[in-house]
file upload_31.pdb (PDB, C-alpha atoms)
ATOM      1  CA  ARG A   1       0.000   0.000   0.000  1.00  0.00           C
ATOM      2  CA  LEU A   2       2.663   2.451   1.016  1.00  0.00           C
ATOM      3  CA  ALA A   3       4.889   1.705  -1.948  1.00  0.00           C
ATOM      4  CA  MET A   4       2.044   2.183  -4.415  1.00  0.00           C
ATOM      5  CA  GLY A   5       0.928   5.405  -2.721  1.00  0.00           C
ATOM      6  CA  ALA A   6       4.467   6.797  -2.551  1.00  0.00           C
ATOM      7  CA  GLY A   7       5.043   5.971  -6.207  1.00  0.00           C
ATOM      8  CA  ALA A   8       1.776   7.646  -7.183  1.00  0.00           C
ATOM      9  CA  ARG A   9       2.637  10.777  -5.218  1.00  0.00           C
ATOM     10  CA  ALA A  10       6.170  10.856  -6.635  1.00  0.00           C
ATOM     11  CA  ALA A  11       4.642  10.669 -10.121  1.00  0.00           C
ATOM     12  CA  GLY A  12       2.472  13.664  -9.302  1.00  0.00           C
ATOM     13  CA  LEU A  13      -0.863  11.888  -9.543  1.00  0.00           C
ATOM     14  CA  ASP A  14      -3.961  13.517  -8.081  1.00  0.00           C
ATOM     15  CA  PRO A  15      -5.194  12.396  -4.631  1.00  0.00           C
ATOM     16  CA  GLU A  16      -7.947  10.163  -6.050  1.00  0.00           C
ATOM     17  CA  ARG A  17      -5.505   8.182  -8.172  1.00  0.00           C
ATOM     18  CA  CYS A  18      -3.022   8.021  -5.283  1.00  0.00           C
ATOM     19  CA  SER A  19      -5.796   6.587  -3.131  1.00  0.00           C
ATOM     20  CA  ALA A  20      -6.769   4.113  -5.855  1.00  0.00           C
ATOM     21  CA  LEU A  21      -3.203   2.875  -6.147  1.00  0.00           C
ATOM     22  CA  GLU A  22      -2.891   2.599  -2.365  1.00  0.00           C
ATOM     23  CA  GLY A  23      -6.058   0.495  -2.379  1.00  0.00           C
ATOM     24  CA  PHE A  24      -4.591  -1.649  -5.135  1.00  0.00           C
ATOM     25  CA  GLY A  25      -1.406  -2.155  -3.120  1.00  0.00           C
ATOM     26  CA  ASN A  26      -3.309  -3.008   0.040  1.00  0.00           C
ATOM     27  CA  ASP A  27      -5.492  -5.641  -1.615  1.00  0.00           C
ATOM     28  CA  LEU A  28      -2.569  -7.023  -3.598  1.00  0.00           C
ATOM     29  CA  GLY A  29      -0.614  -7.392  -0.347  1.00  0.00           C
ATOM     30  CA  VAL A  30      -3.480  -9.208   1.350  1.00  0.00           C
ATOM     31  CA  ALA A  31      -3.876 -11.550  -1.636  1.00  0.00           C
ATOM     32  CA  PHE A  32      -0.136 -12.241  -1.658  1.00  0.00           C
ATOM     33  CA  GLN A  33      -0.117 -13.037   2.081  1.00  0.00           C
ATOM     34  CA  LEU A  34      -3.136 -15.313   1.812  1.00  0.00           C
ATOM     35  CA  VAL A  35      -1.449 -17.305  -0.949  1.00  0.00           C
ATOM     36  CA  ASP A  36       1.717 -17.438   1.149  1.00  0.00           C
ATOM     37  CA  ASP A  37      -0.338 -18.795   4.060  1.00  0.00           C
ATOM     38  CA  ALA A  38      -1.779 -21.548   1.857  1.00  0.00           C
ATOM     39  CA  LEU A  39       1.661 -22.405   0.475  1.00  0.00           C
ATOM     40  CA  ASP A  40       2.846 -23.200   4.007  1.00  0.00           C
ATOM     41  CA  PHE A  41       0.859 -26.404   3.605  1.00  0.00           C
ATOM     42  CA  ALA A  42       1.951 -27.279   0.053  1.00  0.00           C
ATOM     43  CA  ASP A  43       3.199 -30.809   0.397  1.00  0.00           C
ATOM     44  CA  ASP A  44       4.839 -31.054  -3.008  1.00  0.00           C
ATOM     45  CA  GLY A  45       8.134 -29.368  -2.054  1.00  0.00           C
ATOM     46  CA  SER A  46       7.707 -26.634  -4.680  1.00  0.00           C
ATOM     47  CA  THR A  47       7.688 -23.635  -2.368  1.00  0.00           C
ATOM     48  CA  GLY A  48      11.298 -23.569  -1.248  1.00  0.00           C
ATOM     49  CA  LYS A  49      10.252 -23.285   2.383  1.00  0.00           C
ATOM     50  CA  SER A  50       9.696 -25.989   4.943  1.00  0.00           C
ATOM     51  CA  LEU A  51       6.270 -27.516   5.185  1.00  0.00           C
ATOM     52  CA  PHE A  52       4.406 -26.128   8.240  1.00  0.00           C
ATOM     53  CA  ALA A  53       6.980 -23.328   8.748  1.00  0.00           C
ATOM     54  CA  ASP A  54       4.307 -20.884   9.938  1.00  0.00           C
ATOM     55  CA  LEU A  55       2.727 -23.442  12.259  1.00  0.00           C
ATOM     56  CA  ARG A  56       6.168 -24.224  13.723  1.00  0.00           C
ATOM     57  CA  GLU A  57       6.457 -20.521  14.561  1.00  0.00           C
ATOM     58  CA  GLY A  58       3.035 -20.559  16.205  1.00  0.00           C
ATOM     59  CA  LYS A  59       1.413 -18.412  13.521  1.00  0.00           C
ATOM     60  CA  MET A  60      -2.328 -18.827  13.211  1.00  0.00           C
ATOM     61  CA  THR A  61      -2.851 -18.232   9.515  1.00  0.00           C
ATOM     62  CA  TYR A  62      -6.108 -17.881   7.626  1.00  0.00           C
ATOM     63  CA  PRO A  63      -6.302 -21.502   6.391  1.00  0.00           C
ATOM     64  CA  LEU A  64      -5.632 -22.830   9.899  1.00  0.00           C
ATOM     65  CA  LEU A  65      -8.311 -20.599  11.387  1.00  0.00           C
ATOM     66  CA  VAL A  66     -10.834 -21.693   8.764  1.00  0.00           C
ATOM     67  CA  ALA A  67     -10.001 -25.364   9.280  1.00  0.00           C
ATOM     68  CA  MET A  68     -10.305 -25.043  13.064  1.00  0.00           C
ATOM     69  CA  GLU A  69     -13.620 -23.222  12.718  1.00  0.00           C
ATOM     70  CA  ARG A  70     -14.967 -25.953  10.464  1.00  0.00           C
ATOM     71  CA  SER A  71     -13.393 -28.806  12.411  1.00  0.00           C
ATOM     72  CA  PRO A  72     -13.172 -27.857  16.114  1.00  0.00           C
ATOM     73  CA  GLU A  73     -11.428 -31.118  17.069  1.00  0.00           C
ATOM     74  CA  LEU A  74      -8.424 -29.790  15.171  1.00  0.00           C
ATOM     75  CA  HIS A  75      -7.689 -27.264  17.939  1.00  0.00           C
ATOM     76  CA  ALA A  76      -5.783 -29.743  20.093  1.00  0.00           C
ATOM     77  CA  ALA A  77      -3.453 -30.860  17.293  1.00  0.00           C
ATOM     78  CA  VAL A  78      -2.748 -27.277  16.243  1.00  0.00           C
ATOM     79  CA  GLU A  79      -2.095 -26.258  19.824  1.00  0.00           C
ATOM     80  CA  ARG A  80       0.366 -29.130  20.311  1.00  0.00           C
ATOM     81  CA  CYS A  81       2.210 -28.193  17.120  1.00  0.00           C
ATOM     82  CA  ALA A  82       2.272 -24.478  17.815  1.00  0.00           C
ATOM     83  CA  SER A  83       3.549 -24.963  21.359  1.00  0.00           C
ATOM     84  CA  LYS A  84       6.552 -27.106  20.389  1.00  0.00           C
ATOM     85  CA  PRO A  85       9.946 -25.395  20.544  1.00  0.00           C
ATOM     86  CA  PRO A  86      11.231 -24.718  17.001  1.00  0.00           C
ATOM     87  CA  GLU A  87      14.093 -27.186  17.344  1.00  0.00           C
ATOM     88  CA  GLN A  88      11.761 -30.092  18.207  1.00  0.00           C
ATOM     89  CA  PRO A  89      10.039 -32.068  15.488  1.00  0.00           C
ATOM     90  CA  LEU A  90       6.293 -31.730  15.269  1.00  0.00           C
ATOM     91  CA  PRO A  91       4.244 -34.855  16.064  1.00  0.00           C
ATOM     92  CA  ALA A  92       3.718 -36.731  12.801  1.00  0.00           C
ATOM     93  CA  ASP A  93       0.164 -37.755  13.724  1.00  0.00           C
ATOM     94  CA  ASP A  94      -0.766 -34.138  14.431  1.00  0.00           C
ATOM     95  CA  LEU A  95       0.764 -32.961  11.150  1.00  0.00           C
ATOM     96  CA  GLU A  96      -1.188 -35.577   9.225  1.00  0.00           C
ATOM     97  CA  HIS A  97      -4.357 -34.569  11.053  1.00  0.00           C
ATOM     98  CA  VAL A  98      -3.794 -30.860  10.317  1.00  0.00           C
ATOM     99  CA  LEU A  99      -3.020 -31.454   6.655  1.00  0.00           C
ATOM    100  CA  ALA A 100      -6.032 -33.752   6.208  1.00  0.00           C
ATOM    101  CA  ALA A 101      -8.310 -31.233   7.918  1.00  0.00           C
ATOM    102  CA  LEU A 102      -7.020 -28.387   5.750  1.00  0.00           C
ATOM    103  CA  HIS A 103      -8.002 -30.378   2.666  1.00  0.00           C
ATOM    104  CA  ASN A 104     -11.179 -32.019   3.991  1.00  0.00           C
ATOM    105  CA  THR A 105     -12.694 -28.795   5.333  1.00  0.00           C
ATOM    106  CA  GLY A 106     -11.936 -26.864   2.165  1.00  0.00           C
ATOM    107  CA  ALA A 107      -9.821 -24.398   4.163  1.00  0.00           C
ATOM    108  CA  LEU A 108      -7.059 -24.207   1.576  1.00  0.00           C
ATOM    109  CA  GLU A 109      -9.527 -23.543  -1.222  1.00  0.00           C
ATOM    110  CA  ALA A 110     -11.316 -20.967   0.958  1.00  0.00           C
ATOM    111  CA  CYS A 111      -7.980 -19.248   1.468  1.00  0.00           C
ATOM    112  CA  ARG A 112      -7.273 -19.217  -2.266  1.00  0.00           C
ATOM    113  CA  GLU A 113     -10.786 -17.908  -2.947  1.00  0.00           C
ATOM    114  CA  PHE A 114     -10.317 -15.123  -0.405  1.00  0.00           C
ATOM    115  CA  ALA A 115      -7.018 -14.275  -2.128  1.00  0.00           C
ATOM    116  CA  ARG A 116      -8.785 -14.187  -5.496  1.00  0.00           C
ATOM    117  CA  SER A 117     -11.421 -11.819  -4.084  1.00  0.00           C
ATOM    118  CA  HIS A 118      -8.702  -9.454  -2.863  1.00  0.00           C
ATOM    119  CA  SER A 119      -6.978  -9.702  -6.228  1.00  0.00           C
ATOM    120  CA  ALA A 120     -10.250  -8.792  -7.957  1.00  0.00           C
ATOM    121  CA  LYS A 121     -10.707  -5.874  -5.565  1.00  0.00           C
ATOM    122  CA  ALA A 122      -7.163  -4.711  -6.359  1.00  0.00           C
ATOM    123  CA  ILE A 123      -7.889  -4.900 -10.070  1.00  0.00           C
ATOM    124  CA  ALA A 124     -11.127  -2.941  -9.632  1.00  0.00           C
ATOM    125  CA  ALA A 125      -9.146  -0.168  -7.936  1.00  0.00           C
ATOM    126  CA  LEU A 126      -7.325   0.354 -11.230  1.00  0.00           C
ATOM    127  CA  ASP A 127     -10.438   1.484 -13.129  1.00  0.00           C
ATOM    128  CA  ASP A 128      -9.564   5.174 -12.850  1.00  0.00           C
ATOM    129  CA  ILE A 129      -5.899   4.806 -13.775  1.00  0.00           C
ATOM    130  CA  PRO A 130      -5.655   6.547 -17.149  1.00  0.00           C
ATOM    131  CA  CYS A 131      -2.635   4.735 -18.589  1.00  0.00           C
ATOM    132  CA  GLU A 132      -3.770   1.465 -20.157  1.00  0.00           C
ATOM    133  CA  THR A 133      -0.234   0.034 -20.130  1.00  0.00           C
ATOM    134  CA  THR A 134       0.041   0.674 -16.396  1.00  0.00           C
ATOM    135  CA  ARG A 135      -3.411  -0.801 -15.716  1.00  0.00           C
ATOM    136  CA  GLU A 136      -2.625  -3.936 -17.686  1.00  0.00           C
ATOM    137  CA  ALA A 137       0.782  -4.423 -16.057  1.00  0.00           C
ATOM    138  CA  LEU A 138      -0.684  -4.072 -12.566  1.00  0.00           C
ATOM    139  CA  ARG A 139      -3.653  -6.295 -13.487  1.00  0.00           C
ATOM    140  CA  THR A 140      -1.203  -8.984 -14.602  1.00  0.00           C
ATOM    141  CA  VAL A 141       0.633  -8.777 -11.284  1.00  0.00           C
ATOM    142  CA  ALA A 142      -2.614  -9.060  -9.322  1.00  0.00           C
ATOM    143  CA  GLU A 143      -3.824 -12.016 -11.357  1.00  0.00           C
ATOM    144  CA  ALA A 144      -0.482 -13.810 -11.183  1.00  0.00           C
ATOM    145  CA  THR A 145      -0.345 -13.414  -7.407  1.00  0.00           C
ATOM    146  CA  THR A 146      -3.224 -15.823  -6.888  1.00  0.00           C
ATOM    147  CA  PHE A 147      -1.706 -18.460  -9.149  1.00  0.00           C
ATOM    148  CA  ARG A 148       1.768 -18.503  -7.664  1.00  0.00           C
ATOM    149  CA  LYS A 149       3.065 -21.845  -6.470  1.00  0.00           C
ATOM    150  CA  HIS A 150       6.116 -20.651  -4.520  1.00  0.00           C
TER
END
call {"tool": "encode", "arguments": {"input": "upload_31.pdb", "output": "structure tokens"}}
result
Amino acid sequence: RLAMGAGARAAGLDPERCSALEGFGNDLGVAFQLVDDALDFADDGSTGKSLFADLREGKMTYPLLVAMERSPELHAAVERCASKPPEQPLPADDLEHVLAALHNTGALEACREFARSHSAKAIAALDDIPCETTREALRTVAEATTFRKH
């Protein structure tokens, strides 16, 4: 948000366009973070980061919160994982339970859908940007954000 707003102001855009670009940046950032949260549970090794890295750090991310809301029995497994010191391995049974719940409850897809809605909101913020080349470049970034795999 701040980078887009600062760039707009540096370019001398009017306050409405600065605000539109700040809105774009905010929604793009949210979409990016939501995808990043979902990628923490990508079990195909394509992300370049360790599986469950956020959970190991005790971070309650959007997909975890959705899964726990939809499957309350998941709370205990998540709590055990999140409370382990970083140097200790997470209980394999709990990890399997968490991963299964994320898929079975639709939490990962809900996270991706929420990211897509923020991406669409970011794109809509570009409607008043007069330069078509700029709009299209930023639209491409917003669309690509929701499809990233790492």
call {"tool": "closest_residue", "arguments": {"input": "upload_31.pdb", "among": "A:Ile129, A:Val78, A:Val66, A:Ala124", "to": "Leu28 in chain A", "atoms": "all atoms listed in the file"}}
result
A:Ala124
call {"tool": "atom_distance", "arguments": {"input": "upload_31.pdb", "atom1": "CA of Lys121 in chain A", "atom2": "CA of Ala53 in chain A"}}
result
28.7 Å
call {"tool": "closest_residue", "arguments": {"input": "upload_31.pdb", "among": "A:Asp94, A:Arg139, A:Leu108, A:Arg70", "to": "Ala120 in chain A", "atoms": "all atoms listed in the file"}}
result
A:Arg139
call {"tool": "closest_residue", "arguments": {"input": "upload_31.pdb", "among": "A:Arg56, A:Arg9, A:Arg116, A:His97", "to": "Glu143 in chain A", "atoms": "only C-alpha atoms"}}
result
A:Arg116
call {"tool": "resolve_selection", "arguments": {"input": "upload_31.pdb", "expression": "the PyMOL selection byres ((chain A and resi 19) around 10)", "output": "tab-separated table (two decimals) with C-alpha atoms, in the frame of the given file"}}
result
chain	number	residue	atom	x	y	z
A	1	ARG	CA	0.00	0.00	0.00
A	4	MET	CA	2.04	2.18	-4.42
A	5	GLY	CA	0.93	5.40	-2.72
A	8	ALA	CA	1.78	7.65	-7.18
A	9	ARG	CA	2.64	10.78	-5.22
A	13	LEU	CA	-0.86	11.89	-9.54
A	14	ASP	CA	-3.96	13.52	-8.08
A	15	PRO	CA	-5.19	12.40	-4.63
A	16	GLU	CA	-7.95	10.16	-6.05
A	17	ARG	CA	-5.50	8.18	-8.17
A	18	CYS	CA	-3.02	8.02	-5.28
A	20	ALA	CA	-6.77	4.11	-5.86
A	21	LEU	CA	-3.20	2.88	-6.15
A	22	GLU	CA	-2.89	2.60	-2.37
A	23	GLY	CA	-6.06	0.50	-2.38
A	24	PHE	CA	-4.59	-1.65	-5.14
A	25	GLY	CA	-1.41	-2.15	-3.12
A	125	ALA	CA	-9.15	-0.17	-7.94
call {"tool": "residues_around", "arguments": {"input": "upload_31.pdb", "residues": "Glu79 in chain A", "least_positions_apart": "4", "cutoff": "10 Å", "atoms": "all atoms listed in the file", "output": "list in words"}}
result
Leu55, Gly58, Met60, Leu74, His75, Ser83, Lys84 and Asp94 of chain A
call {"tool": "atom_distance", "arguments": {"input": "upload_31.pdb", "atom1": "CA of Glu73 in chain A", "atom2": "CA of Pro85 in chain A"}}
result
22.4 Å
call {"tool": "atom_distance", "arguments": {"input": "upload_31.pdb", "atom1": "CA of Ala92 in chain A", "atom2": "CA of Ala42 in chain A"}}
result
16.0 Å
call {"tool": "axis_aligned_box", "arguments": {"input": "upload_31.pdb", "around": "range 24-40 of chain A", "padding_each_side": "6 Å", "output": "AutoDock Vina command-line options"}}
result
--center_x -1.3 --center_y -12.4 --center_z -0.5 --size_x 20.3 --size_y 33.6 --size_z 21.2
call {"tool": "closest_residue", "arguments": {"input": "upload_31.pdb", "among": "A:Pro63, A:Pro72, A:Gly7, A:Pro86", "to": "His103 in chain A", "atoms": "all atoms listed in the file"}}
result
A:Pro63
call {"tool": "residues_around", "arguments": {"input": "upload_31.pdb", "residues": "Ala142 in chain A", "least_positions_apart": "2", "cutoff": "9 Å", "atoms": "all atoms listed in the file", "output": "list of chain:residue names"}}
result
A:Phe24, A:Asp27, A:Leu28, A:Ala31, A:Phe32, A:Arg116, A:His118, A:Ser119, A:Ala120, A:Ala122, A:Ile123, A:Ala137, A:Leu138, A:Arg139, A:Thr140, A:Ala144, A:Thr145, A:Thr146
call {"tool": "closest_residue", "arguments": {"input": "upload_31.pdb", "among": "A:Ser117, A:Gln33, A:Asn104, A:Ser50", "to": "Met68 in chain A", "atoms": "all atoms listed in the file"}}
result
A:Asn104
call {"tool": "closest_residue", "arguments": {"input": "upload_31.pdb", "among": "A:Glu96, A:Ala82, A:Leu34, A:Gly12", "to": "Glu109 in chain A", "atoms": "all atoms listed in the file"}}
result
A:Leu34
call {"tool": "decode", "arguments": {"input": "upload_31.pdb", "residues": "range 113-132 of chain A", "atoms": "N, CA, C and O atoms", "output": "tab-separated table (two decimals), in the first residue's frame"}}
result
chain	number	residue	atom	x	y	z
A	113	GLU	N	-9.64	-18.70	-2.48
A	113	GLU	CA	-10.79	-17.91	-2.95
A	113	GLU	C	-10.76	-16.51	-2.33
A	113	GLU	O	-11.05	-15.52	-3.02
A	114	PHE	N	-10.42	-16.42	-1.06
A	114	PHE	CA	-10.32	-15.12	-0.40
A	114	PHE	C	-9.21	-14.30	-1.06
A	114	PHE	O	-9.35	-13.10	-1.29
A	115	ALA	N	-8.11	-14.96	-1.42
A	115	ALA	CA	-7.02	-14.27	-2.13
A	115	ALA	C	-7.50	-13.78	-3.49
A	115	ALA	O	-7.20	-12.64	-3.88
A	116	ARG	N	-8.26	-14.61	-4.19
A	116	ARG	CA	-8.78	-14.19	-5.50
A	116	ARG	C	-9.72	-12.99	-5.35
A	116	ARG	O	-9.73	-12.09	-6.19
A	117	SER	N	-10.51	-12.95	-4.27
A	117	SER	CA	-11.42	-11.82	-4.08
A	117	SER	C	-10.63	-10.54	-3.82
A	117	SER	O	-11.01	-9.47	-4.30
A	118	HIS	N	-9.54	-10.63	-3.08
A	118	HIS	CA	-8.70	-9.45	-2.86
A	118	HIS	C	-7.99	-9.04	-4.15
A	118	HIS	O	-7.82	-7.85	-4.41
A	119	SER	N	-7.60	-10.02	-4.94
A	119	SER	CA	-6.98	-9.70	-6.23
A	119	SER	C	-7.98	-8.97	-7.13
A	119	SER	O	-7.63	-7.98	-7.78
A	120	ALA	N	-9.21	-9.44	-7.15
A	120	ALA	CA	-10.25	-8.79	-7.96
A	120	ALA	C	-10.52	-7.37	-7.45
A	120	ALA	O	-10.72	-6.44	-8.25
A	121	LYS	N	-10.51	-7.20	-6.14
A	121	LYS	CA	-10.71	-5.87	-5.56
A	121	LYS	C	-9.55	-4.95	-5.95
A	121	LYS	O	-9.76	-3.78	-6.27
A	122	ALA	N	-8.33	-5.50	-5.94
A	122	ALA	CA	-7.16	-4.71	-6.36
A	122	ALA	C	-7.31	-4.29	-7.82
A	122	ALA	O	-7.08	-3.12	-8.16
A	123	ILE	N	-7.71	-5.20	-8.65
A	123	ILE	CA	-7.89	-4.90	-10.07
A	123	ILE	C	-8.96	-3.84	-10.27
A	123	ILE	O	-8.80	-2.92	-11.08
A	124	ALA	N	-10.05	-3.93	-9.51
A	124	ALA	CA	-11.13	-2.94	-9.63
A	124	ALA	C	-10.64	-1.54	-9.25
A	124	ALA	O	-11.13	-0.55	-9.79
A	125	ALA	N	-9.68	-1.47	-8.35
A	125	ALA	CA	-9.15	-0.17	-7.94
A	125	ALA	C	-8.41	0.53	-9.07
A	125	ALA	O	-8.16	1.73	-9.01
A	126	LEU	N	-8.08	-0.21	-10.11
A	126	LEU	CA	-7.33	0.35	-11.23
A	126	LEU	C	-8.21	1.03	-12.27
A	126	LEU	O	-7.69	1.62	-13.22
A	127	ASP	N	-9.52	0.96	-12.11
A	127	ASP	CA	-10.44	1.48	-13.13
A	127	ASP	C	-10.17	2.93	-13.51
A	127	ASP	O	-10.36	3.31	-14.67
A	128	ASP	N	-9.76	3.75	-12.56
A	128	ASP	CA	-9.56	5.17	-12.85
A	128	ASP	C	-8.12	5.53	-13.20
A	128	ASP	O	-7.79	6.72	-13.31
A	129	ILE	N	-7.29	4.53	-13.38
A	129	ILE	CA	-5.90	4.81	-13.77
A	129	ILE	C	-5.91	5.02	-15.29
A	129	ILE	O	-6.30	4.14	-16.05
A	130	PRO	N	-5.49	6.20	-15.74
A	130	PRO	CA	-5.66	6.55	-17.15
A	130	PRO	C	-4.74	5.79	-18.12
A	130	PRO	O	-5.12	5.57	-19.27
A	131	CYS	N	-3.58	5.38	-17.68
A	131	CYS	CA	-2.64	4.74	-18.59
A	131	CYS	C	-2.96	3.25	-18.72
A	131	CYS	O	-2.83	2.47	-17.77
A	132	GLU	N	-3.38	2.86	-19.92
A	132	GLU	CA	-3.77	1.47	-20.16
A	132	GLU	C	-2.61	0.50	-19.93
A	132	GLU	O	-2.80	-0.58	-19.37
